[in-house]
Amino acid sequence: MISTVENGVLVKVEGDPQHGYTRGRLCAKGYAYPELVYSPFRLRYPLRQVPRGSGNWERISWDDALTEIAEKMLELRDRYGSFLPVCLNRQSGDLGILHLAAEGMFRSLGAVTLANGTSCWSAGLDARAYDFGTNCNSDPETMADARFIILWGTNPAWTAIHQMAYLEAARSRGARVVTIDPIYTATARWSDAYIQVRPGGDGALALGMARALWEHGAVDQEFLASRVRGWPEFREYLAREVDWDWVEEKSGVKAEVVVDLALAYAASHPAAIWIGLGLQRHQNGGNNVRAIDALAALTGNIGIGGGGTYFPDQKTWRFNMHIMSYRPAVSSFKNASPRLVNINDFASELDRLEAKGKPGACPPVRMIWFSCRNALAQDGNAGAVAQALSRMELVVTTDQFITATARWSDIVLPTTTCFEHWDAVASCWHRWVGVSQPAIAPVGESRSDLAIAWSLSAKLNQLDPGCCPFPTQGNEKKWVEEELKGEMLSLAGVNQLEEFLEGPRKMALPPVAWADQTFNTVDGKYHLWSEQAAADGFPPLPVGVGSSEATHPPLYPFWLLTPHSQLSINSQFWDLPSLRALEVQGVLWIHPETARVRDLRTGDRARVYNSQGEMTAVVQVTRNTPPGVLVCYQGWGGWVSTAEVGMGLEAGAGSSGQGLGLNQLVSSAPADMGRRSTGQPGLALHDTWVNLSRLW
Ligand SMILES: Nc1nc2c(c(=O)[nH]1)N[C@H]1C(S)=C(S)[C@@H](COP(=O)(O)OP(=O)(O)OC[C@H]3O[C@@H](n4cnc5c(=O)[nH]c(N)nc54)[C@H](O)[C@@H]3O)O[C@H]1N2
Ligand SMILES: Nc1nc2c(c(=O)[nH]1)N[C@H]1C(S)=C(S)[C@@H](COP(=O)(O)OP(=O)(O)OC[C@H]3O[C@@H](n4cnc5c(=O)[nH]c(N)nc54)[C@H](O)[C@@H]3O)O[C@H]1N2
Ligand SMILES: [Mo]
């Protein structure tokens with residue numbers, strides 16, 4: 001992004017034309033950045049809330065805030081014998097490397113508790129590791145060379161707008177594009193064909209396609225014989241188990257449509273399948289990703305530009321992780337490594353430690369530090385997380401806004417945006433890497449995550465000299481240099497950081513994954529049959545694993561999908577005048593048949609509930625969602641409260657009410673896979689079941 005600054009004020013943000021992937025364009029959120037930076041709700045000073053959740057906020061100094069935090073940490077350490085009662089729960093913020101500062105600081109203390117894993121992409125990563133040995137993708141720019149494209153459980157027209165240019169390019173050269181999604185999305189509308197799949201029914205659909213490929217002799221025998229392990233077993237499985245009634249019932253797609261799709265896919269080389277994130281956030285998500293990967297193996301659509309299966313990737317993430325390199329002095333504590341708890345089931349994890357909880361090996365968590373994280377808006381079963389927080393002696397949130405999570409905190413520390421600090425950013429999709437340079441001074445008293453980590457270390461060391469090995473000050477730009485030097489610089493074709501200031505660089509990485517068709521598995525073959533999967537407790541073949549439809553509680557008959565919305569990034573960017581993200585907040589899409597059985601019309605208010613919680617929604621009757629499936633776009637329950645608190649603060653008044661939103665209802669059940677790649681299983685957040693009634 002290129003910023004225009006006038007008199008020290010950020011007035012405009014534009015795309016950088018030198019960025020070869022985005023080509024000078026931003027999404028709507030990007031263009032709205034100046035509004036976010038100067039939003040009246042932006043957090044400008046450290047705040048303390050007494051008591052937590054009361055809305056009774058007071059401005060405090062950085063020194064007071066850090067003293068209170070550091071004293072509590074040291075007191076807990078003395079009481080329990082280690083820093084294990086202190087827990088960090090973080091995600092990525094804007095994906096800049098220096099946002100890992102909080103984790104670097106906490107890890108330097110040794111035995112702390114870290115929330116580990118991610119709700120984002122874990123199941124898919126493991127699935128692809130079983131199939132290929134590693135999740136490895138072609139440059140997404142190569143999708144422009146595809147002759148046929150399946151967008152499977154992804155909604156790029158909203159969530160990856162820049163990729164649309166490459167899809168357009170392919171289409172202008174004659175490629176056909178098919179979207180497979182339970183929801184008739186903006187992407188579906190743009191595509192040549194749309195197939196409405198049952199949620200969690202992708203495995204059945206892919207297995208049906210596999211059967212059709214085999215029955216119609218459309219498989220690549222040579223590739224299967226030489227490059228694939230497990231074809232005889234898989235073929236036998238298809239013949240024995242995959243019949244058309246089963247495929248139709250589980251996928252909701254007619255057999256002739258399945259056959260047509262399979263044959264069209266096999267007939268066009270290269271053919272690309274983009275495996276989205278939505279479809280793997282199910283209890284059978286990883287298995288379903290494996291079933292989709294199998295289609296590429298059956299047709300030999302691997303190792304060619306514009307062919308293969310695409311998934312998010314971390315190829316450009318080659319930072320040195322200097323920021324994580326500080327460790328406790330060996331003598332300080334017996335158990336110097338952190339204790340990891342599952343971020344996707346955070347409330348139960350805290351409960352479990354509470355039950356065990358005693359001084360010594362396994363103390364309970366008593367303090368939580370949230371960084372780049374809005375757990376109460378984004379976690380499954382968010383109400384239980386709020387409940388677990390009520391047992392904490394101290395909750396700290398570092399953020400740019402008073403989010404839902406901040407409202408359940410004692411101390412909130414203001415952080416800078418990417419316009420106010422140095423950082424380096426790599427994508428989890430395309431191959432470009434950039435360095436961000438501060439364009440303006442920090443707004444208010446905000447500090448970067450790195451500066452906060454330094455100042456907390458300084459305070460800890462002031463109170464107990466030598467207790468925290470993390471540096472107490474430094475130069476942000478130098479820390480960016482530390483992350484880049486070596487591999488990142490050489491892949492980017494530059495000698496020093498300064499060259500990045502002229503524009504972003506594309507990493508010199510092979511454009512096509514598996515070009516030599518040698519995979520990263522033990523025998524170099526693609527694994528339809530994966531011993532690794534079997535060793536981890538999964539079926540060795542991609543098979544028909546049931547969705548939550550078979551087992552959901554009958555009291556909650558409606559399937560609730562909560563995908564990503566167009567004008568927010570998760571819980572970020574709400575409440576900005578030029579974006580209308582708030583307009584989808586609490587809007588529930590229901591099919592006319594659902595409306596009929598519940599006597600609802602567009603505009604009616606409905607109560608949506610399950611055993612975890614309830615919310616009020618405004619009904620929108622639409623055929624964009626199938627009967628029995630409800631849709632509510634995610635991310636709200638965050639800033640809703642900012643307005644109230646922000647204004648209350650200016651006016652010196654307090655506020656009340658916690659305003660937890662949608663994610664109270666969302667499941668915290670695990671996806672099947674994810675442990676191998678991210679330490680914890682993914683989150684099956686789409687396996688959420690609710691009931692619905694009219695509110696009079
Ligand atoms: N505008 C915008 N862009 C974003 C984000 C955002 O919040 N807003 N978030 C960013 C982040 S963190 C992520 S992870 C990505 C997510 O990017 P995507 O993967 O595109 O987004 P999702 O909305 O999670 O899911 C995509 C689609 O999966 C569908 N889906 C759900 N269940 C199933 C299923 O069982 N089968 C099939 N076939 N489809 C299913 C949903 O209906 C949805 O349309 O986007 C990133 N970009
Ligand atoms: N119902 C439902 N829930 C979901 C999903 C879904 O599809 N449906 N998707 C899941 C997915 S894919 C993801 S990735 C997660 C995202 O979950 P989170 O990462 O928790 O959510 P975000 O809203 O993206 O960002 C969290 C906070 O980071 C703050 N932030 C931004 N930049 C910085 C910074 O530089 N420093 C600090 N300290 N804070 C910063 C933002 O203001 C925001 O409040 O949500 C998950 N939750
Ligand atoms: Mo995500």
# chains A, B, ... in the order shown; residues from 1 in each chain; ligands from 1
>>> residues_around(residues="region 585-595 of chain A", least_positions_apart="6", cutoff="8 Å", atoms="only C-alpha atoms", output="count of residues only")
22
>>> residues_around(residues="region 383-400 of chain A", least_positions_apart="5", cutoff="8 Å", atoms="only C-alpha atoms", output="ChimeraX atom specification")
/A:42-43,69,72,346-347,350-351,365-373,375-376,405-406,408-417,449,612-613,660,663-664
>>> write_last_selection(atoms="N, CA, C and O atoms", output="compact mmCIF listing (two decimals), in the first residue's frame")
# COMPACT_ATOMS: atom_id res chain seq x y z
N ARG A 42 -11.03 4.51 17.97
CA ARG A 42 -9.66 4.02 18.09
C ARG A 42 -9.17 4.25 19.53
O ARG A 42 -9.36 5.32 20.11
N LEU A 43 -8.54 3.22 20.04
CA LEU A 43 -8.00 3.29 21.40
C LEU A 43 -6.74 4.16 21.39
O LEU A 43 -5.82 3.91 20.61
N ILE A 69 0.60 -4.94 35.61
CA ILE A 69 0.72 -6.23 34.90
C ILE A 69 1.94 -7.00 35.39
O ILE A 69 1.86 -8.19 35.74
N LYS A 72 1.64 -8.40 38.90
CA LYS A 72 0.78 -9.59 38.94
C LYS A 72 1.53 -10.81 38.41
O LYS A 72 1.47 -11.90 38.99
N PHE A 346 -10.58 -23.20 24.02
CA PHE A 346 -9.87 -22.47 25.06
C PHE A 346 -10.58 -22.56 26.41
O PHE A 346 -9.96 -22.81 27.44
N ALA A 347 -11.92 -22.39 26.39
CA ALA A 347 -12.66 -22.39 27.65
C ALA A 347 -12.52 -23.74 28.35
O ALA A 347 -12.24 -23.80 29.56
N LEU A 350 -9.10 -24.17 29.88
CA LEU A 350 -8.93 -23.44 31.14
C LEU A 350 -9.65 -24.15 32.28
O LEU A 350 -9.15 -24.24 33.40
N ASP A 351 -10.83 -24.68 31.97
CA ASP A 351 -11.60 -25.43 32.99
C ASP A 351 -10.81 -26.65 33.46
O ASP A 351 -10.77 -26.96 34.65
N VAL A 365 -4.63 -21.42 35.12
CA VAL A 365 -4.30 -20.13 34.52
C VAL A 365 -4.98 -19.04 35.36
O VAL A 365 -6.15 -19.17 35.72
N ARG A 366 -4.23 -18.00 35.66
CA ARG A 366 -4.76 -16.91 36.49
C ARG A 366 -4.72 -15.56 35.80
O ARG A 366 -5.33 -14.60 36.23
N MET A 367 -3.95 -15.50 34.73
CA MET A 367 -3.86 -14.23 34.00
C MET A 367 -3.79 -14.54 32.51
O MET A 367 -3.11 -15.47 32.10
N ILE A 368 -4.53 -13.76 31.72
CA ILE A 368 -4.49 -13.95 30.26
C ILE A 368 -4.13 -12.64 29.57
O ILE A 368 -4.62 -11.57 29.95
N TRP A 369 -3.27 -12.78 28.59
CA TRP A 369 -2.86 -11.65 27.76
C TRP A 369 -3.33 -11.95 26.34
O TRP A 369 -2.91 -12.94 25.75
N PHE A 370 -4.23 -11.12 25.82
CA PHE A 370 -4.70 -11.28 24.44
C PHE A 370 -3.96 -10.30 23.54
O PHE A 370 -3.88 -9.11 23.84
N SER A 371 -3.45 -10.82 22.44
CA SER A 371 -2.76 -9.95 21.49
C SER A 371 -3.19 -10.31 20.08
O SER A 371 -3.21 -11.49 19.72
N CYS A 372 -3.54 -9.32 19.27
CA CYS A 372 -4.00 -9.57 17.89
C CYS A 372 -5.15 -10.57 17.90
O CYS A 372 -5.20 -11.49 17.08
N ARG A 373 -6.06 -10.40 18.80
CA ARG A 373 -7.00 -11.48 19.06
C ARG A 373 -8.29 -10.91 19.61
O ARG A 373 -8.28 -10.14 20.56
N ALA A 375 -11.03 -12.92 20.86
CA ALA A 375 -11.54 -14.26 21.16
C ALA A 375 -13.05 -14.25 21.38
O ALA A 375 -13.75 -15.18 20.95
N LEU A 376 -13.58 -13.22 22.03
CA LEU A 376 -15.00 -13.27 22.36
C LEU A 376 -15.89 -13.00 21.15
O LEU A 376 -17.09 -13.26 21.18
N THR A 405 -13.57 -8.57 23.38
CA THR A 405 -12.59 -9.14 24.30
C THR A 405 -12.04 -8.07 25.23
O THR A 405 -11.87 -8.30 26.44
N ALA A 406 -11.78 -6.90 24.68
CA ALA A 406 -11.29 -5.80 25.52
C ALA A 406 -12.30 -5.48 26.61
O ALA A 406 -11.94 -5.15 27.74
N TRP A 408 -14.00 -7.43 28.23
CA TRP A 408 -13.90 -8.39 29.33
C TRP A 408 -12.51 -8.36 29.94
O TRP A 408 -12.07 -9.33 30.55
N SER A 409 -11.80 -7.25 29.77
CA SER A 409 -10.43 -7.15 30.25
C SER A 409 -10.34 -6.11 31.36
O SER A 409 -11.17 -5.22 31.45
N ASP A 410 -9.29 -6.24 32.17
CA ASP A 410 -9.03 -5.25 33.21
C ASP A 410 -8.22 -4.09 32.67
O ASP A 410 -8.43 -2.94 33.03
N ILE A 411 -7.26 -4.45 31.81
CA ILE A 411 -6.38 -3.42 31.25
C ILE A 411 -6.35 -3.59 29.74
O ILE A 411 -6.23 -4.70 29.22
N VAL A 412 -6.49 -2.48 29.04
CA VAL A 412 -6.42 -2.50 27.58
C VAL A 412 -5.30 -1.57 27.14
O VAL A 412 -5.25 -0.41 27.56
N LEU A 413 -4.40 -2.12 26.31
CA LEU A 413 -3.24 -1.35 25.86
C LEU A 413 -3.39 -1.03 24.38
O LEU A 413 -3.68 -1.93 23.57
N PRO A 414 -3.21 0.24 24.00
CA PRO A 414 -3.44 0.64 22.60
C PRO A 414 -2.25 0.28 21.71
O PRO A 414 -1.10 0.58 22.03
N THR A 415 -2.53 -0.37 20.57
CA THR A 415 -1.45 -0.71 19.63
C THR A 415 -1.58 0.11 18.36
O THR A 415 -2.67 0.53 17.97
N THR A 416 -0.43 0.26 17.71
CA THR A 416 -0.36 1.00 16.46
C THR A 416 -0.94 0.19 15.31
O THR A 416 -1.08 -1.03 15.40
N THR A 417 -1.23 0.85 14.19
CA THR A 417 -1.60 0.16 12.96
C THR A 417 -0.35 0.06 12.08
O THR A 417 0.69 0.65 12.39
N ASP A 449 3.29 -3.65 18.89
CA ASP A 449 3.35 -4.86 19.71
C ASP A 449 4.78 -5.11 20.20
O ASP A 449 4.99 -5.56 21.33
N GLN A 612 -25.68 -23.51 23.85
CA GLN A 612 -24.59 -22.62 24.27
C GLN A 612 -25.05 -21.19 24.51
O GLN A 612 -24.43 -20.45 25.28
N GLY A 613 -26.09 -20.77 23.78
CA GLY A 613 -26.47 -19.37 23.91
C GLY A 613 -27.58 -19.01 22.95
O GLY A 613 -28.17 -19.88 22.30
N LEU A 660 -22.11 -10.00 23.55
CA LEU A 660 -21.51 -11.11 22.81
C LEU A 660 -22.46 -11.46 21.68
O LEU A 660 -23.67 -11.49 21.85
N ASN A 663 -20.89 -15.74 17.83
CA ASN A 663 -20.04 -16.88 18.16
C ASN A 663 -20.36 -17.58 19.47
O ASN A 663 -19.82 -18.64 19.77
N GLN A 664 -21.28 -16.99 20.23
CA GLN A 664 -21.81 -17.76 21.36
C GLN A 664 -22.42 -19.06 20.89
O GLN A 664 -22.39 -20.06 21.58
>>> residues_near_ligand(ligand="ligand 3", cutoff="8 Å", atoms="only C-alpha atoms and all ligand atoms", output="PyMOL selection string")
chain A and resi 119-121+277+570
>>> atom_distance(atom1="CA of Trp422 (chain A)", atom2="atom 17 (O, counted along the ligand's line) of ligand 1")
26.9 Å
>>> select_by_dssp(residues="region 316-445 of chain A", states="helix (DSSP H, G or I)", output="number ranges by chain")
A: 322-324, 343-356, 375-378, 382-389, 404-407
>>> closest_residue(among="A:Pro563, A:Ser3, A:Cys428, A:Glu35", to="Pro577 (chain A)", atoms="only C-alpha atoms")
A:Glu35
>>> residues_around(residues="Arg281 (chain A)", least_positions_apart="2", cutoff="8 Å", atoms="only C-alpha atoms", output="count of residues only")
16
>>> residues_near_ligand(ligand="ligand 1", cutoff="7 Å", atoms="only C-alpha atoms and all ligand atoms", output="PDB file with N, CA, C and O atoms, in the first residue's frame")
ATOM      1  N   CYS A 120      -8.170 -21.490  11.616  1.00  0.00           N
ATOM      2  CA  CYS A 120      -8.233 -21.084  10.218  1.00  0.00           C
ATOM      3  C   CYS A 120      -8.116 -22.235   9.215  1.00  0.00           C
ATOM      4  O   CYS A 120      -9.034 -22.502   8.471  1.00  0.00           O
ATOM      5  N   TRP A 121      -6.989 -22.936   9.206  1.00  0.00           N
ATOM      6  CA  TRP A 121      -6.677 -23.793   8.061  1.00  0.00           C
ATOM      7  C   TRP A 121      -6.070 -25.142   8.416  1.00  0.00           C
ATOM      8  O   TRP A 121      -5.587 -25.864   7.540  1.00  0.00           O
ATOM      9  N   TRP A 152     -13.999 -24.453  -4.829  1.00  0.00           N
ATOM     10  CA  TRP A 152     -14.675 -25.435  -3.984  1.00  0.00           C
ATOM     11  C   TRP A 152     -14.646 -24.962  -2.527  1.00  0.00           C
ATOM     12  O   TRP A 152     -13.614 -25.076  -1.858  1.00  0.00           O
ATOM     13  N   GLY A 153     -15.760 -24.404  -2.074  1.00  0.00           N
ATOM     14  CA  GLY A 153     -15.820 -23.952  -0.677  1.00  0.00           C
ATOM     15  C   GLY A 153     -14.970 -22.719  -0.424  1.00  0.00           C
ATOM     16  O   GLY A 153     -14.392 -22.570   0.648  1.00  0.00           O
ATOM     17  N   THR A 154     -14.897 -21.841  -1.415  1.00  0.00           N
ATOM     18  CA  THR A 154     -14.199 -20.573  -1.223  1.00  0.00           C
ATOM     19  C   THR A 154     -15.024 -19.477  -1.885  1.00  0.00           C
ATOM     20  O   THR A 154     -15.728 -19.739  -2.858  1.00  0.00           O
ATOM     21  N   ASN A 155     -14.934 -18.289  -1.358  1.00  0.00           N
ATOM     22  CA  ASN A 155     -15.752 -17.184  -1.860  1.00  0.00           C
ATOM     23  C   ASN A 155     -14.880 -15.984  -2.216  1.00  0.00           C
ATOM     24  O   ASN A 155     -14.991 -14.905  -1.622  1.00  0.00           O
ATOM     25  N   PRO A 156     -13.972 -16.150  -3.204  1.00  0.00           N
ATOM     26  CA  PRO A 156     -12.992 -15.105  -3.468  1.00  0.00           C
ATOM     27  C   PRO A 156     -13.587 -13.761  -3.865  1.00  0.00           C
ATOM     28  O   PRO A 156     -12.942 -12.728  -3.641  1.00  0.00           O
ATOM     29  N   TRP A 158     -15.527 -12.167  -2.415  1.00  0.00           N
ATOM     30  CA  TRP A 158     -15.533 -11.404  -1.169  1.00  0.00           C
ATOM     31  C   TRP A 158     -14.205 -11.497  -0.414  1.00  0.00           C
ATOM     32  O   TRP A 158     -13.731 -10.515   0.127  1.00  0.00           O
ATOM     33  N   THR A 159     -13.648 -12.706  -0.338  1.00  0.00           N
ATOM     34  CA  THR A 159     -12.542 -12.910   0.612  1.00  0.00           C
ATOM     35  C   THR A 159     -11.143 -12.886  -0.013  1.00  0.00           C
ATOM     36  O   THR A 159     -10.160 -12.897   0.718  1.00  0.00           O
ATOM     37  N   ALA A 160     -11.067 -12.888  -1.328  1.00  0.00           N
ATOM     38  CA  ALA A 160      -9.749 -12.849  -1.973  1.00  0.00           C
ATOM     39  C   ALA A 160      -9.906 -12.135  -3.312  1.00  0.00           C
ATOM     40  O   ALA A 160      -9.635 -12.674  -4.378  1.00  0.00           O
ATOM     41  N   ILE A 180     -18.636 -24.554  -6.044  1.00  0.00           N
ATOM     42  CA  ILE A 180     -19.346 -25.554  -5.221  1.00  0.00           C
ATOM     43  C   ILE A 180     -19.438 -25.014  -3.795  1.00  0.00           C
ATOM     44  O   ILE A 180     -18.423 -24.817  -3.121  1.00  0.00           O
ATOM     45  N   ASP A 181     -20.632 -24.742  -3.355  1.00  0.00           N
ATOM     46  CA  ASP A 181     -20.827 -24.108  -2.046  1.00  0.00           C
ATOM     47  C   ASP A 181     -22.276 -24.370  -1.640  1.00  0.00           C
ATOM     48  O   ASP A 181     -23.151 -24.406  -2.501  1.00  0.00           O
ATOM     49  N   PRO A 182     -22.560 -24.537  -0.359  1.00  0.00           N
ATOM     50  CA  PRO A 182     -23.977 -24.649   0.035  1.00  0.00           C
ATOM     51  C   PRO A 182     -24.717 -23.330  -0.217  1.00  0.00           C
ATOM     52  O   PRO A 182     -25.927 -23.327  -0.428  1.00  0.00           O
ATOM     53  N   ILE A 183     -23.968 -22.212  -0.185  1.00  0.00           N
ATOM     54  CA  ILE A 183     -24.583 -20.898  -0.338  1.00  0.00           C
ATOM     55  C   ILE A 183     -24.360 -20.397  -1.758  1.00  0.00           C
ATOM     56  O   ILE A 183     -23.273 -20.564  -2.321  1.00  0.00           O
ATOM     57  N   THR A 185     -23.236 -17.811  -3.463  1.00  0.00           N
ATOM     58  CA  THR A 185     -22.431 -16.642  -3.076  1.00  0.00           C
ATOM     59  C   THR A 185     -22.231 -15.701  -4.256  1.00  0.00           C
ATOM     60  O   THR A 185     -22.581 -16.016  -5.395  1.00  0.00           O
ATOM     61  N   VAL A 197     -23.972 -27.858  -2.714  1.00  0.00           N
ATOM     62  CA  VAL A 197     -23.629 -29.089  -2.013  1.00  0.00           C
ATOM     63  C   VAL A 197     -24.211 -29.019  -0.603  1.00  0.00           C
ATOM     64  O   VAL A 197     -24.385 -27.925  -0.055  1.00  0.00           O
ATOM     65  N   ARG A 198     -24.534 -30.177  -0.014  1.00  0.00           N
ATOM     66  CA  ARG A 198     -24.901 -30.195   1.401  1.00  0.00           C
ATOM     67  C   ARG A 198     -23.676 -29.787   2.197  1.00  0.00           C
ATOM     68  O   ARG A 198     -22.571 -30.237   1.889  1.00  0.00           O
ATOM     69  N   PRO A 199     -23.815 -28.998   3.257  1.00  0.00           N
ATOM     70  CA  PRO A 199     -22.642 -28.735   4.088  1.00  0.00           C
ATOM     71  C   PRO A 199     -22.033 -30.070   4.523  1.00  0.00           C
ATOM     72  O   PRO A 199     -22.763 -31.018   4.834  1.00  0.00           O
ATOM     73  N   GLY A 200     -20.725 -30.136   4.528  1.00  0.00           N
ATOM     74  CA  GLY A 200     -20.037 -31.365   4.947  1.00  0.00           C
ATOM     75  C   GLY A 200     -20.180 -32.502   3.954  1.00  0.00           C
ATOM     76  O   GLY A 200     -19.708 -33.612   4.209  1.00  0.00           O
ATOM     77  N   GLY A 201     -20.808 -32.247   2.800  1.00  0.00           N
ATOM     78  CA  GLY A 201     -21.046 -33.306   1.816  1.00  0.00           C
ATOM     79  C   GLY A 201     -20.024 -33.344   0.696  1.00  0.00           C
ATOM     80  O   GLY A 201     -20.201 -34.055  -0.292  1.00  0.00           O
ATOM     81  N   ASP A 202     -18.945 -32.581   0.846  1.00  0.00           N
ATOM     82  CA  ASP A 202     -17.947 -32.490  -0.224  1.00  0.00           C
ATOM     83  C   ASP A 202     -17.210 -33.801  -0.453  1.00  0.00           C
ATOM     84  O   ASP A 202     -16.822 -34.115  -1.572  1.00  0.00           O
ATOM     85  N   GLY A 276     -11.134 -24.272  -0.746  1.00  0.00           N
ATOM     86  CA  GLY A 276     -11.309 -23.130   0.153  1.00  0.00           C
ATOM     87  C   GLY A 276     -11.180 -23.529   1.611  1.00  0.00           C
ATOM     88  O   GLY A 276     -11.032 -24.710   1.956  1.00  0.00           O
ATOM     89  N   LEU A 277     -11.255 -22.529   2.454  1.00  0.00           N
ATOM     90  CA  LEU A 277     -11.113 -22.769   3.886  1.00  0.00           C
ATOM     91  C   LEU A 277     -12.436 -23.167   4.517  1.00  0.00           C
ATOM     92  O   LEU A 277     -12.473 -23.906   5.495  1.00  0.00           O
ATOM     93  N   GLY A 278     -13.537 -22.676   3.924  1.00  0.00           N
ATOM     94  CA  GLY A 278     -14.845 -22.929   4.514  1.00  0.00           C
ATOM     95  C   GLY A 278     -15.145 -24.417   4.652  1.00  0.00           C
ATOM     96  O   GLY A 278     -15.617 -24.878   5.695  1.00  0.00           O
ATOM     97  N   LEU A 279     -14.837 -25.173   3.608  1.00  0.00           N
ATOM     98  CA  LEU A 279     -15.268 -26.576   3.609  1.00  0.00           C
ATOM     99  C   LEU A 279     -14.476 -27.446   4.567  1.00  0.00           C
ATOM    100  O   LEU A 279     -14.908 -28.549   4.912  1.00  0.00           O
ATOM    101  N   ARG A 281     -13.666 -26.508   7.629  1.00  0.00           N
ATOM    102  CA  ARG A 281     -14.005 -26.208   9.022  1.00  0.00           C
ATOM    103  C   ARG A 281     -15.217 -27.031   9.454  1.00  0.00           C
ATOM    104  O   ARG A 281     -16.239 -26.519   9.898  1.00  0.00           O
ATOM    105  N   HIS A 282     -15.100 -28.316   9.237  1.00  0.00           N
ATOM    106  CA  HIS A 282     -16.143 -29.290   9.558  1.00  0.00           C
ATOM    107  C   HIS A 282     -15.478 -30.481  10.233  1.00  0.00           C
ATOM    108  O   HIS A 282     -14.271 -30.693  10.065  1.00  0.00           O
ATOM    109  N   LEU A 561     -24.479 -21.785   9.141  1.00  0.00           N
ATOM    110  CA  LEU A 561     -23.167 -21.489   8.553  1.00  0.00           C
ATOM    111  C   LEU A 561     -22.833 -20.020   8.813  1.00  0.00           C
ATOM    112  O   LEU A 561     -23.705 -19.149   8.680  1.00  0.00           O
ATOM    113  N   PRO A 563     -19.950 -17.837   7.517  1.00  0.00           N
ATOM    114  CA  PRO A 563     -18.716 -17.543   6.778  1.00  0.00           C
ATOM    115  C   PRO A 563     -18.264 -16.075   6.889  1.00  0.00           C
ATOM    116  O   PRO A 563     -18.884 -15.283   7.601  1.00  0.00           O
ATOM    117  N   HIS A 564     -17.215 -15.770   6.142  1.00  0.00           N
ATOM    118  CA  HIS A 564     -16.581 -14.440   6.239  1.00  0.00           C
ATOM    119  C   HIS A 564     -17.324 -13.409   5.393  1.00  0.00           C
ATOM    120  O   HIS A 564     -17.726 -13.689   4.271  1.00  0.00           O
ATOM    121  N   SER A 565     -17.457 -12.219   5.932  1.00  0.00           N
ATOM    122  CA  SER A 565     -18.277 -11.217   5.256  1.00  0.00           C
ATOM    123  C   SER A 565     -17.441 -10.352   4.321  1.00  0.00           C
ATOM    124  O   SER A 565     -16.218 -10.321   4.376  1.00  0.00           O
ATOM    125  N   GLN A 566     -18.125  -9.629   3.469  1.00  0.00           N
ATOM    126  CA  GLN A 566     -17.439  -8.873   2.426  1.00  0.00           C
ATOM    127  C   GLN A 566     -16.689  -7.653   2.963  1.00  0.00           C
ATOM    128  O   GLN A 566     -15.580  -7.376   2.543  1.00  0.00           O
ATOM    129  N   LEU A 567     -17.302  -6.926   3.871  1.00  0.00           N
ATOM    130  CA  LEU A 567     -16.774  -5.612   4.222  1.00  0.00           C
ATOM    131  C   LEU A 567     -16.132  -5.544   5.601  1.00  0.00           C
ATOM    132  O   LEU A 567     -15.980  -4.469   6.177  1.00  0.00           O
ATOM    133  N   SER A 568     -15.793  -6.707   6.140  1.00  0.00           N
ATOM    134  CA  SER A 568     -14.978  -6.714   7.350  1.00  0.00           C
ATOM    135  C   SER A 568     -13.902  -7.767   7.132  1.00  0.00           C
ATOM    136  O   SER A 568     -13.994  -8.561   6.198  1.00  0.00           O
ATOM    137  N   ILE A 569     -12.862  -7.738   7.958  1.00  0.00           N
ATOM    138  CA  ILE A 569     -11.953  -8.883   8.025  1.00  0.00           C
ATOM    139  C   ILE A 569     -12.200  -9.468   9.402  1.00  0.00           C
ATOM    140  O   ILE A 569     -11.805  -8.863  10.406  1.00  0.00           O
ATOM    141  N   ASN A 570     -12.880 -10.568   9.488  1.00  0.00           N
ATOM    142  CA  ASN A 570     -13.297 -11.099  10.778  1.00  0.00           C
ATOM    143  C   ASN A 570     -13.938  -9.972  11.570  1.00  0.00           C
ATOM    144  O   ASN A 570     -14.870  -9.346  11.088  1.00  0.00           O
ATOM    145  N   GLY A 635     -18.159 -12.243  12.465  1.00  0.00           N
ATOM    146  CA  GLY A 635     -17.222 -11.160  12.759  1.00  0.00           C
ATOM    147  C   GLY A 635     -17.766 -10.084  13.680  1.00  0.00           C
ATOM    148  O   GLY A 635     -17.029  -9.281  14.203  1.00  0.00           O
ATOM    149  N   HIS A 686     -18.261 -24.780  11.431  1.00  0.00           N
ATOM    150  CA  HIS A 686     -19.495 -24.856  10.634  1.00  0.00           C
ATOM    151  C   HIS A 686     -20.417 -25.995  11.075  1.00  0.00           C
ATOM    152  O   HIS A 686     -21.512 -26.125  10.541  1.00  0.00           O
TER     153      HIS A 686
END
>>> residues_around(residues="Pro85 (chain A)", least_positions_apart="6", cutoff="10 Å", atoms="only C-alpha atoms", output="ChimeraX atom specification")
/A:73,76-77,79,111-113,339,353,357,359,362-368,392
>>> closest_residue(among="A:Phe573, A:Phe106, A:Phe538, A:Tyr45", to="ligand 2", atoms="only C-alpha atoms and all ligand atoms")
A:Phe573
>>> closest_residue(among="A:Tyr310, A:Trp529, A:Phe41, A:Trp62", to="ligand 2", atoms="only C-alpha atoms and all ligand atoms")
A:Phe41
>>> select_by_dssp(residues="region 393-504 of chain A", states="strand (DSSP E)", output="list in words")
Leu394, Val395, Val396, Thr397, Thr398, Asp399, Ile411, Val412, Leu413, Pro414, Asp423, Ala424, Val425, Ala426, Trp432, Val433, Gly434, Val435 and Ser436 of chain A
